Amino acid sequence: MDFTNRSEVTEFILVGFPSTPQLEKLYFFIFAAMYLWTITANTVIILVVRLDRHLHTPMYFFICNLSVLEIGYTTVTTPKLMGNFLMRSKIISLYGCIVQFYLFFSLGSTQCLLLAVMAFDRYLAICNPLRYNAVMTPRTCTLAAFCSWGTGFLAMLVPVGLVLHLSFCGSNIIDHFFCDADPLLRRSCSETRLIELLDFILALIIGMSSFMFTMVSYFYIISTIMKIPLSKSRGKAFSTCSSHLIIVVIFYTTVLFMYIRPKARNSEMNKVVSVFYSVVTPVLNPLIYTLRNKDVKDAINKLVRHDTFCQTFFTNCVILLKNESFIGNKRRINSPN
């Protein structure tokens with residue numbers, strides 16, 4: 001389609017969660033708290049893994065990648081949602097909507113692939129430990145992460161390219177809090193069956209194949225763990241993959257519920273489920289990885305107690321305050337009465 005005749009609609013209105021002004025302020029503070037926690041907690045995980053040499057392992061390398069992804073995932077939707085709670089105008093431009101659509105689904109695809117790679121990492125560690133160090137080399141881990149990110153972002157270029165050539169006319173109201181695929185395509189007056197088919201194919205190739213690969217990996221992991229004779233050893237083996245398994249269950253339960261259902265959906269339920277996997281899940285992930293992981297908790301405690309950077313920072317602050325106090329006293333002594 002010709003770009004000059006492509007679109008009469010140049011901006012959309014995101015309905016979000018209609019409510020009273022008082023409730024919107026409450027929602028703003030709730031989502032702001034969750035967003036700040038997500039950014040802070042995931043940043044702490046990245047820094048702790050980076051600073052503690054004992055955590056320089058493939059598992060924590062992928063956890064760092066997942067933390068970076070969670071920061072981006074929630075940043076794509078939450079700041080705009082918070083802004084809509086404070087402003088009467090809930091407008092997003094056409095191109096801003098398409099960019100949000102692209103980033104959201106690219107990061108979602110990347111997360112599917114990363115979770116599959118992490119499942120394979122746990123499979124090797126538990127089911128074939130003698131080959132683990134030979135297979136999961138730093139080069140292999142870097143290549144696996146690069147392919148996950150690259151595939152996730154490249155795969156969405158074709159659907160987004162097709163969306164850019166759609167014509168949007170009529171109503172510009174999107175009954176959602178971000179530019180999800182289904183409500184965005186409903187606003188188009190062009191034929192969208194090709195894009196819907198392509199989205200379905202990509203969901204099968206990336207989403208369902210990653211899910212099945214992850215489930216098969218955990219089938220072998222659990223089978224191997226159950227063959228371990230000592231219950232204490234079984235518990236120790238399962239603890240190394242339980243955090244990842246919880247993340248997998250939470251992520252895929254909400255995503256499959258959201259995108260595998262028939263198209264006749266309740267819009268409010270749609271929004272609630274979307275909030276859960278786009279906002280709540282990134283809040284839970286750092287809690288699961290830190291509260292259930294002794295190595296991460298020990299590393300955080302060690303850095304808090306012994307980190308030379310923190311000690312230097314606080315020492316410099318004390319020196320600065322003393323210097324300011326000294327300069328202030330000197331000025332008072334030297335100032336004429």
# chains A, B, ... in the order shown; residues from 1 in each chain; ligands from 1

call {"tool": "residues_around", "arguments": {"residues": "Val99 of chain A", "least_positions_apart": "4", "cutoff": "9 Å", "atoms": "only C-alpha atoms", "output": "PyMOL selection string"}}
result
chain A and resi 94-95+103-104+160+179

call {"tool": "residues_around", "arguments": {"residues": "Ser19 of chain A", "least_positions_apart": "5", "cutoff": "12 Å", "atoms": "only C-alpha atoms", "output": "list in words"}}
result
Glu24, Lys25, Leu26, Tyr27, Phe28, Asn84, Phe85, Leu86 and Arg88 of chain A

call {"tool": "closest_residue", "arguments": {"among": "A:Thr192, A:Ser67, A:Ser210, A:Thr77", "to": "Ser109 of chain A", "atoms": "only C-alpha atoms"}}
result
A:Ser210

call {"tool": "decode", "arguments": {"residues": "segment 140-169 of chain A", "atoms": "N, CA and C atoms", "output": "compact mmCIF listing (two decimals), in the first residue's frame"}}
result
# COMPACT_ATOMS: atom_id res chain seq x y z
N THR A 140 30.13 -20.29 24.42
CA THR A 140 28.82 -20.89 24.14
C THR A 140 27.70 -20.08 24.80
N CYS A 141 27.92 -19.67 26.04
CA CYS A 141 26.90 -18.89 26.76
C CYS A 141 26.65 -17.55 26.08
N THR A 142 27.74 -16.88 25.68
CA THR A 142 27.60 -15.59 25.00
C THR A 142 26.86 -15.76 23.68
N LEU A 143 27.20 -16.81 22.93
CA LEU A 143 26.54 -17.08 21.65
C LEU A 143 25.06 -17.39 21.85
N ALA A 144 24.73 -18.17 22.89
CA ALA A 144 23.34 -18.52 23.16
C ALA A 144 22.53 -17.28 23.53
N ALA A 145 23.11 -16.41 24.35
CA ALA A 145 22.42 -15.17 24.73
C ALA A 145 22.25 -14.26 23.52
N PHE A 146 23.30 -14.14 22.72
CA PHE A 146 23.24 -13.28 21.53
C PHE A 146 22.17 -13.78 20.56
N CYS A 147 22.11 -15.09 20.36
CA CYS A 147 21.10 -15.65 19.44
C CYS A 147 19.69 -15.44 19.98
N SER A 148 19.52 -15.54 21.30
CA SER A 148 18.20 -15.32 21.89
C SER A 148 17.73 -13.89 21.66
N TRP A 149 18.61 -12.94 21.96
CA TRP A 149 18.26 -11.54 21.76
C TRP A 149 18.08 -11.22 20.27
N GLY A 150 19.00 -11.69 19.46
CA GLY A 150 18.94 -11.39 18.03
C GLY A 150 17.71 -11.98 17.38
N THR A 151 17.39 -13.23 17.70
CA THR A 151 16.22 -13.88 17.12
C THR A 151 14.94 -13.18 17.55
N GLY A 152 14.86 -12.83 18.84
CA GLY A 152 13.66 -12.16 19.34
C GLY A 152 13.38 -10.85 18.64
N PHE A 153 14.43 -10.07 18.39
CA PHE A 153 14.23 -8.76 17.77
C PHE A 153 14.13 -8.84 16.25
N LEU A 154 14.84 -9.76 15.64
CA LEU A 154 14.76 -9.88 14.18
C LEU A 154 13.44 -10.49 13.74
N ALA A 155 12.92 -11.43 14.51
CA ALA A 155 11.69 -12.12 14.12
C ALA A 155 10.51 -11.17 14.02
N MET A 156 10.51 -10.10 14.83
CA MET A 156 9.37 -9.18 14.84
C MET A 156 9.48 -8.09 13.78
N LEU A 157 10.58 -8.04 13.05
CA LEU A 157 10.73 -7.00 12.04
C LEU A 157 9.73 -7.15 10.90
N VAL A 158 9.47 -8.38 10.49
CA VAL A 158 8.54 -8.60 9.37
C VAL A 158 7.11 -8.21 9.75
N PRO A 159 6.56 -8.69 10.91
CA PRO A 159 5.21 -8.23 11.28
C PRO A 159 5.11 -6.73 11.43
N VAL A 160 6.13 -6.10 12.01
CA VAL A 160 6.09 -4.65 12.20
C VAL A 160 6.15 -3.94 10.85
N GLY A 161 6.95 -4.47 9.92
CA GLY A 161 6.99 -3.89 8.58
C GLY A 161 5.64 -3.94 7.90
N LEU A 162 4.89 -5.04 8.11
CA LEU A 162 3.55 -5.14 7.54
C LEU A 162 2.57 -4.20 8.23
N VAL A 163 2.71 -4.06 9.55
CA VAL A 163 1.84 -3.15 10.30
C VAL A 163 2.04 -1.71 9.82
N LEU A 164 3.28 -1.35 9.51
CA LEU A 164 3.57 0.00 9.03
C LEU A 164 2.85 0.32 7.73
N HIS A 165 2.49 -0.69 6.97
CA HIS A 165 1.82 -0.47 5.69
C HIS A 165 0.30 -0.59 5.81
N LEU A 166 -0.22 -0.76 7.04
CA LEU A 166 -1.66 -0.82 7.22
C LEU A 166 -2.25 0.58 7.20
N SER A 167 -3.51 0.64 6.88
CA SER A 167 -4.25 1.91 6.94
C SER A 167 -5.15 1.87 8.16
N PHE A 168 -5.05 2.89 9.00
CA PHE A 168 -5.86 3.00 10.21
C PHE A 168 -6.87 4.12 10.03
N CYS A 169 -8.13 3.79 10.19
CA CYS A 169 -9.17 4.79 10.02
C CYS A 169 -10.33 4.46 10.95
